[in-house]
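K.L.:
Once you've had a glance at the structure underneath, I'll fire off some questions.
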Amino acid sequence: MRRLADQYGQLGTIYLEERRWDQAIEALEKSISYGKDTPAIYYSAGLAYANRGSEMKNEKDLDRAEAMYRKAIARYGSFSRARNALAILLFYHRDRRDEAVSIMEDLVATDRKNYLARFTLARFYYETERPERALGVYEELYADLEKLPASDVIEEYKNSCRSNIQRIIMEMGKKKG
């Protein structure tokens with residue numbers, strides 16, 4: 001059974017990467033039913049449910065995604081990708097913005113090197129009309145990224161930070177003037 005669970009898990013991952021949500025969900029659920037009880041399998045299932053739920057406007061899939069993310073976190077509390085995904089789901093699909101911001105603040109407080117979490121937190125601050133806080137997070141993140149060796153990912157983050165910083169400064173200037 002364990003081997004079958006692993007094979008379905010791998011198949012689910014392939015379908016997930018191909019954005020074939022129905023097949024991914026089916027394979028990942030089979031993996032779970034055959035005994036694969038890992039944070040990663042629940043996280044992957046959460047992604048498949050969240051994406052299908054978002055595209056199809058299906059509340060039951062979004063409920064299932066939330067449950068899967070929470071199972072992943074329950075099994076491995078510092079699973080940052082699952083915490084990030086849960087916060088995004090809560091923020092954009094559940095109108096539980098305060099809870100989402102709290103999850104991201106916790107995540108950033110425990111892992112300053114999690115650049116995705118910091119970027120997400122800044123975005124949440126911006127979208128909850130706290131531009132000063134968003135600006136501060138983007139500026140700190142940009143400064144930290146400047147210290148790292150260059151890579152495509154780092155450059156993409158830096159460019160996004162830079163454009164967000166410029167936009168927020170311009171918007172804040174318009175409100176004052």
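We label chains A, B, ... in the order they appear in the structure tokens, count residues from 1 in each chain, and number ligands from 1 in the order shown.
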Name the residues in contact with region 133-144 of chain A at a cut-off of 6 Å, using only C-alpha atoms, excluding same-chain residues fewer than 5 positions from it; report them as a PDB file with all heavy atoms, in the first residue's frame.
P.N.:
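Once written, out.pdb looks like this:
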ATOM      1  N   ALA A 122       3.616  42.387   2.811  1.00  0.00           N
ATOM      2  CA  ALA A 122       3.589  43.763   2.310  1.00  0.00           C
ATOM      3  C   ALA A 122       2.359  43.971   1.429  1.00  0.00           C
ATOM      4  O   ALA A 122       1.679  44.997   1.531  1.00  0.00           O
ATOM      5  CB  ALA A 122       4.865  44.071   1.533  1.00  0.00           C
ATOM      6  N   TYR A 125      -0.696  44.279   3.605  1.00  0.00           N
ATOM      7  CA  TYR A 125      -0.766  45.608   4.219  1.00  0.00           C
ATOM      8  C   TYR A 125      -1.271  46.636   3.200  1.00  0.00           C
ATOM      9  O   TYR A 125      -2.130  47.463   3.509  1.00  0.00           O
ATOM     10  CB  TYR A 125       0.604  46.046   4.740  1.00  0.00           C
ATOM     11  CG  TYR A 125       1.038  45.410   6.032  1.00  0.00           C
ATOM     12  CD1 TYR A 125       2.388  45.213   6.294  1.00  0.00           C
ATOM     13  CD2 TYR A 125       0.130  45.034   7.020  1.00  0.00           C
ATOM     14  CE1 TYR A 125       2.826  44.653   7.489  1.00  0.00           C
ATOM     15  CE2 TYR A 125       0.554  44.466   8.208  1.00  0.00           C
ATOM     16  CZ  TYR A 125       1.899  44.278   8.436  1.00  0.00           C
ATOM     17  OH  TYR A 125       2.327  43.727   9.612  1.00  0.00           O
ATOM     18  N   TYR A 126      -0.733  46.584   2.012  1.00  0.00           N
ATOM     19  CA  TYR A 126      -1.143  47.530   0.977  1.00  0.00           C
ATOM     20  C   TYR A 126      -2.639  47.398   0.682  1.00  0.00           C
ATOM     21  O   TYR A 126      -3.356  48.398   0.609  1.00  0.00           O
ATOM     22  CB  TYR A 126      -0.324  47.309  -0.306  1.00  0.00           C
ATOM     23  CG  TYR A 126      -0.724  48.228  -1.425  1.00  0.00           C
ATOM     24  CD1 TYR A 126      -0.300  49.552  -1.432  1.00  0.00           C
ATOM     25  CD2 TYR A 126      -1.530  47.780  -2.455  1.00  0.00           C
ATOM     26  CE1 TYR A 126      -0.680  50.420  -2.451  1.00  0.00           C
ATOM     27  CE2 TYR A 126      -1.917  48.630  -3.479  1.00  0.00           C
ATOM     28  CZ  TYR A 126      -1.479  49.938  -3.477  1.00  0.00           C
ATOM     29  OH  TYR A 126      -1.873  50.799  -4.487  1.00  0.00           O
ATOM     30  N   LYS A 158      13.512  41.962  -6.413  1.00  0.00           N
ATOM     31  CA  LYS A 158      13.990  43.343  -6.277  1.00  0.00           C
ATOM     32  C   LYS A 158      13.211  44.278  -7.203  1.00  0.00           C
ATOM     33  O   LYS A 158      12.812  45.370  -6.779  1.00  0.00           O
ATOM     34  CB  LYS A 158      15.494  43.421  -6.566  1.00  0.00           C
ATOM     35  CG  LYS A 158      16.335  42.905  -5.405  1.00  0.00           C
ATOM     36  CD  LYS A 158      17.810  42.757  -5.696  1.00  0.00           C
ATOM     37  CE  LYS A 158      18.476  43.864  -6.428  1.00  0.00           C
ATOM     38  NZ  LYS A 158      19.913  43.632  -6.640  1.00  0.00           N
ATOM     39  N   CYS A 161       9.766  44.763  -5.761  1.00  0.00           N
ATOM     40  CA  CYS A 161       9.847  45.642  -4.585  1.00  0.00           C
ATOM     41  C   CYS A 161      10.021  47.091  -5.019  1.00  0.00           C
ATOM     42  O   CYS A 161       9.317  47.984  -4.532  1.00  0.00           O
ATOM     43  CB  CYS A 161      11.003  45.238  -3.672  1.00  0.00           C
ATOM     44  SG  CYS A 161      10.695  43.797  -2.654  1.00  0.00           S
ATOM     45  N   ILE A 165       7.476  50.038  -4.216  1.00  0.00           N
ATOM     46  CA  ILE A 165       7.927  51.172  -3.412  1.00  0.00           C
ATOM     47  C   ILE A 165       7.625  52.480  -4.140  1.00  0.00           C
ATOM     48  O   ILE A 165       7.071  53.419  -3.548  1.00  0.00           O
ATOM     49  CB  ILE A 165       9.444  51.051  -3.096  1.00  0.00           C
ATOM     50  CG1 ILE A 165       9.681  49.915  -2.100  1.00  0.00           C
ATOM     51  CG2 ILE A 165      10.011  52.373  -2.574  1.00  0.00           C
ATOM     52  CD1 ILE A 165      11.140  49.491  -1.959  1.00  0.00           C
TER      53      ILE A 165
END
K.L.:
Taking only C-alpha atoms into account, name the residue in A:Gln166, A:Ser54, A:Ser80, A:Thr120 that is nearest to Val101 (chain A).
P.N.:
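The closest residue to Val101 (chain A) is A:Thr120.
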K.L.:
For CA of Ala50 (chain A) and CA of Asp111 (chain A), determine how far apart the two atoms are, in Å to one decimal place.
P.N.:
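Here the two named atoms are 24.7 Å from each other.
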K.L.:
Which residues come within 8 Å of Gly35 (chain A), counting only C-alpha atoms, excluding same-chain residues fewer than 4 positions away, as a ChimeraX atom specification?
P.N.:
/A:1-2,5,31
K.L.:
I need the residues of region 3-176 of chain A that end up classed as helix (DSSP H, G or I) by DSSP on the backbone, written out as JSON, numbers by chain.
P.N.:
{"A": [3, 4, 5, 6, 7, 8, 9, 10, 11, 12, 13, 14, 15, 16, 17, 21, 22, 23, 24, 25, 26, 27, 28, 29, 30, 31, 32, 33, 39, 40, 41, 42, 43, 44, 45, 46, 47, 48, 49, 50, 51, 52, 53, 54, 55, 56, 59, 60, 61, 62, 63, 64, 65, 66, 67, 68, 69, 70, 71, 72, 73, 74, 75, 80, 81, 82, 83, 84, 85, 86, 87, 88, 89, 90, 91, 92, 93, 97, 98, 99, 100, 101, 102, 103, 104, 105, 106, 107, 108, 109, 110, 115, 116, 117, 118, 119, 120, 121, 122, 123, 124, 125, 126, 127, 131, 132, 133, 134, 135, 136, 137, 138, 139, 140, 141, 142, 143, 144, 145, 146, 152, 153, 154, 155, 156, 157, 158, 159, 160, 161, 162, 163, 164, 165, 166, 167, 168, 169, 170, 171, 172, 173, 174, 175, 176]}
K.L.:
Smallest atom-to-atom distance to Tyr49 (chain A): which of A:Arg96, A:Lys36, A:Arg20, A:Arg118, using only C-alpha atoms?
P.N.:
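Result for the nearest residue to Tyr49 (chain A): A:Arg20.
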K.L.:
Find the spatial neighbours of Asn114 (chain A), counting only C-alpha atoms, within a cut-off of 12 Å - ignore same-chain residues fewer than 4 positions away - and output them as a ChimeraX atom specification.
P.N.:
/A:78-81,83-84,104-110,118-121,141,144-145,157
K.L.:
Produce a file of the selected residues containing N, CA and C atoms, as a PDB file, in the first residue's frame.
P.N.:
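Just written: part_19.pdb:
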ATOM      1  N   SER A  78       5.826  24.498  11.172  1.00  0.00           N
ATOM      2  CA  SER A  78       6.625  25.538  10.529  1.00  0.00           C
ATOM      3  C   SER A  78       6.665  25.362   9.002  1.00  0.00           C
ATOM      4  N   PHE A  79       5.681  24.678   8.445  1.00  0.00           N
ATOM      5  CA  PHE A  79       5.585  24.479   6.998  1.00  0.00           C
ATOM      6  C   PHE A  79       5.171  25.809   6.366  1.00  0.00           C
ATOM      7  N   SER A  80       6.162  26.598   6.004  1.00  0.00           N
ATOM      8  CA  SER A  80       5.903  27.977   5.579  1.00  0.00           C
ATOM      9  C   SER A  80       5.080  28.064   4.295  1.00  0.00           C
ATOM     10  N   ARG A  81       5.297  27.166   3.352  1.00  0.00           N
ATOM     11  CA  ARG A  81       4.510  27.248   2.108  1.00  0.00           C
ATOM     12  C   ARG A  81       3.028  26.997   2.384  1.00  0.00           C
ATOM     13  N   ARG A  83       1.484  27.599   5.262  1.00  0.00           N
ATOM     14  CA  ARG A  83       1.000  28.773   5.998  1.00  0.00           C
ATOM     15  C   ARG A  83       0.768  29.946   5.046  1.00  0.00           C
ATOM     16  N   ASN A  84       1.682  30.131   4.094  1.00  0.00           N
ATOM     17  CA  ASN A  84       1.539  31.192   3.105  1.00  0.00           C
ATOM     18  C   ASN A  84       0.296  30.951   2.251  1.00  0.00           C
ATOM     19  N   MET A 104       0.647  35.731   8.385  1.00  0.00           N
ATOM     20  CA  MET A 104       1.843  36.203   7.689  1.00  0.00           C
ATOM     21  C   MET A 104       2.779  36.940   8.637  1.00  0.00           C
ATOM     22  N   GLU A 105       2.231  37.716   9.563  1.00  0.00           N
ATOM     23  CA  GLU A 105       3.093  38.400  10.540  1.00  0.00           C
ATOM     24  C   GLU A 105       3.850  37.388  11.383  1.00  0.00           C
ATOM     25  N   ASP A 106       3.166  36.327  11.804  1.00  0.00           N
ATOM     26  CA  ASP A 106       3.818  35.243  12.557  1.00  0.00           C
ATOM     27  C   ASP A 106       4.915  34.583  11.738  1.00  0.00           C
ATOM     28  N   LEU A 107       4.593  34.285  10.501  1.00  0.00           N
ATOM     29  CA  LEU A 107       5.550  33.614   9.624  1.00  0.00           C
ATOM     30  C   LEU A 107       6.789  34.472   9.407  1.00  0.00           C
ATOM     31  N   VAL A 108       6.590  35.747   9.154  1.00  0.00           N
ATOM     32  CA  VAL A 108       7.716  36.656   8.931  1.00  0.00           C
ATOM     33  C   VAL A 108       8.532  36.820  10.215  1.00  0.00           C
ATOM     34  N   ALA A 109       7.856  36.879  11.350  1.00  0.00           N
ATOM     35  CA  ALA A 109       8.567  37.031  12.629  1.00  0.00           C
ATOM     36  C   ALA A 109       9.462  35.825  12.928  1.00  0.00           C
ATOM     37  N   THR A 110       9.052  34.645  12.490  1.00  0.00           N
ATOM     38  CA  THR A 110       9.838  33.443  12.774  1.00  0.00           C
ATOM     39  C   THR A 110      10.843  33.120  11.679  1.00  0.00           C
ATOM     40  N   ARG A 118       7.408  37.684   3.296  1.00  0.00           N
ATOM     41  CA  ARG A 118       7.549  39.132   3.502  1.00  0.00           C
ATOM     42  C   ARG A 118       6.866  39.907   2.367  1.00  0.00           C
ATOM     43  N   PHE A 119       7.031  39.430   1.159  1.00  0.00           N
ATOM     44  CA  PHE A 119       6.396  40.076   0.010  1.00  0.00           C
ATOM     45  C   PHE A 119       4.874  39.982   0.136  1.00  0.00           C
ATOM     46  N   THR A 120       4.386  38.814   0.521  1.00  0.00           N
ATOM     47  CA  THR A 120       2.942  38.614   0.705  1.00  0.00           C
ATOM     48  C   THR A 120       2.415  39.520   1.810  1.00  0.00           C
ATOM     49  N   LEU A 121       3.137  39.613   2.914  1.00  0.00           N
ATOM     50  CA  LEU A 121       2.711  40.478   4.011  1.00  0.00           C
ATOM     51  C   LEU A 121       2.628  41.927   3.552  1.00  0.00           C
ATOM     52  N   LEU A 141      12.757  44.511   2.813  1.00  0.00           N
ATOM     53  CA  LEU A 141      12.970  43.348   1.960  1.00  0.00           C
ATOM     54  C   LEU A 141      13.957  43.676   0.847  1.00  0.00           C
ATOM     55  N   ASP A 144      17.480  43.790   2.194  1.00  0.00           N
ATOM     56  CA  ASP A 144      18.003  42.446   2.447  1.00  0.00           C
ATOM     57  C   ASP A 144      18.346  41.726   1.149  1.00  0.00           C
ATOM     58  N   LEU A 145      17.538  41.918   0.129  1.00  0.00           N
ATOM     59  CA  LEU A 145      17.793  41.274  -1.164  1.00  0.00           C
ATOM     60  C   LEU A 145      19.068  41.820  -1.811  1.00  0.00           C
ATOM     61  N   TYR A 157      12.342  39.645  -7.522  1.00  0.00           N
ATOM     62  CA  TYR A 157      11.854  40.199  -6.257  1.00  0.00           C
ATOM     63  C   TYR A 157      12.263  41.665  -6.110  1.00  0.00           C
TER      64      TYR A 157
END
K.L.:
List the spatial neighbours of Glu59 (chain A) as an NGL selection string - criterion: any atom at most 12 Å away, only C-alpha atoms, same-chain residues fewer than 6 positions off excluded.
P.N.:
:A and (49-53 or 65-66 or 89 or 93-94)
K.L.:
Quick one: of A:Tyr76, A:Gly12, A:Glu146, A:Asn164, who's nearest to Gly46 (chain A), counting only C-alpha atoms?
P.N.:
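Nearest candidate to Gly46 (chain A) out of A:Tyr76, A:Gly12, A:Glu146, A:Asn164: A:Gly12.
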K.L.:
Hey, which of A:Arg70, A:Arg123, A:Lys175, A:Arg3 ends up closest to Arg97 (chain A)? Count only C-alpha atoms.
P.N.:
A:Arg123
K.L.:
Measuring atom to atom with only C-alpha atoms, identify which of A:Tyr92, A:Ala85, A:Ser151, A:Tyr42 is nearest to Met68 (chain A).
P.N.:
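For Met68 (chain A), the nearest of the given residues is A:Tyr42.
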K.L.:
Rank A:Ala67, A:Asn58, A:Gln23, A:Arg75 by their smallest atom-to-atom distance to Pro39 (chain A), using only C-alpha atoms, and report the top residue only.
P.N.:
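Using only C-alpha atoms, Pro39 (chain A) sits closest to A:Arg75.
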K.L.:
To one decimal place in Å, what is the distance between CA of Ile73 (chain A) and CA of Ile103 (chain A)?
P.N.:
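Between these atoms lies a distance of 11.5 Å.
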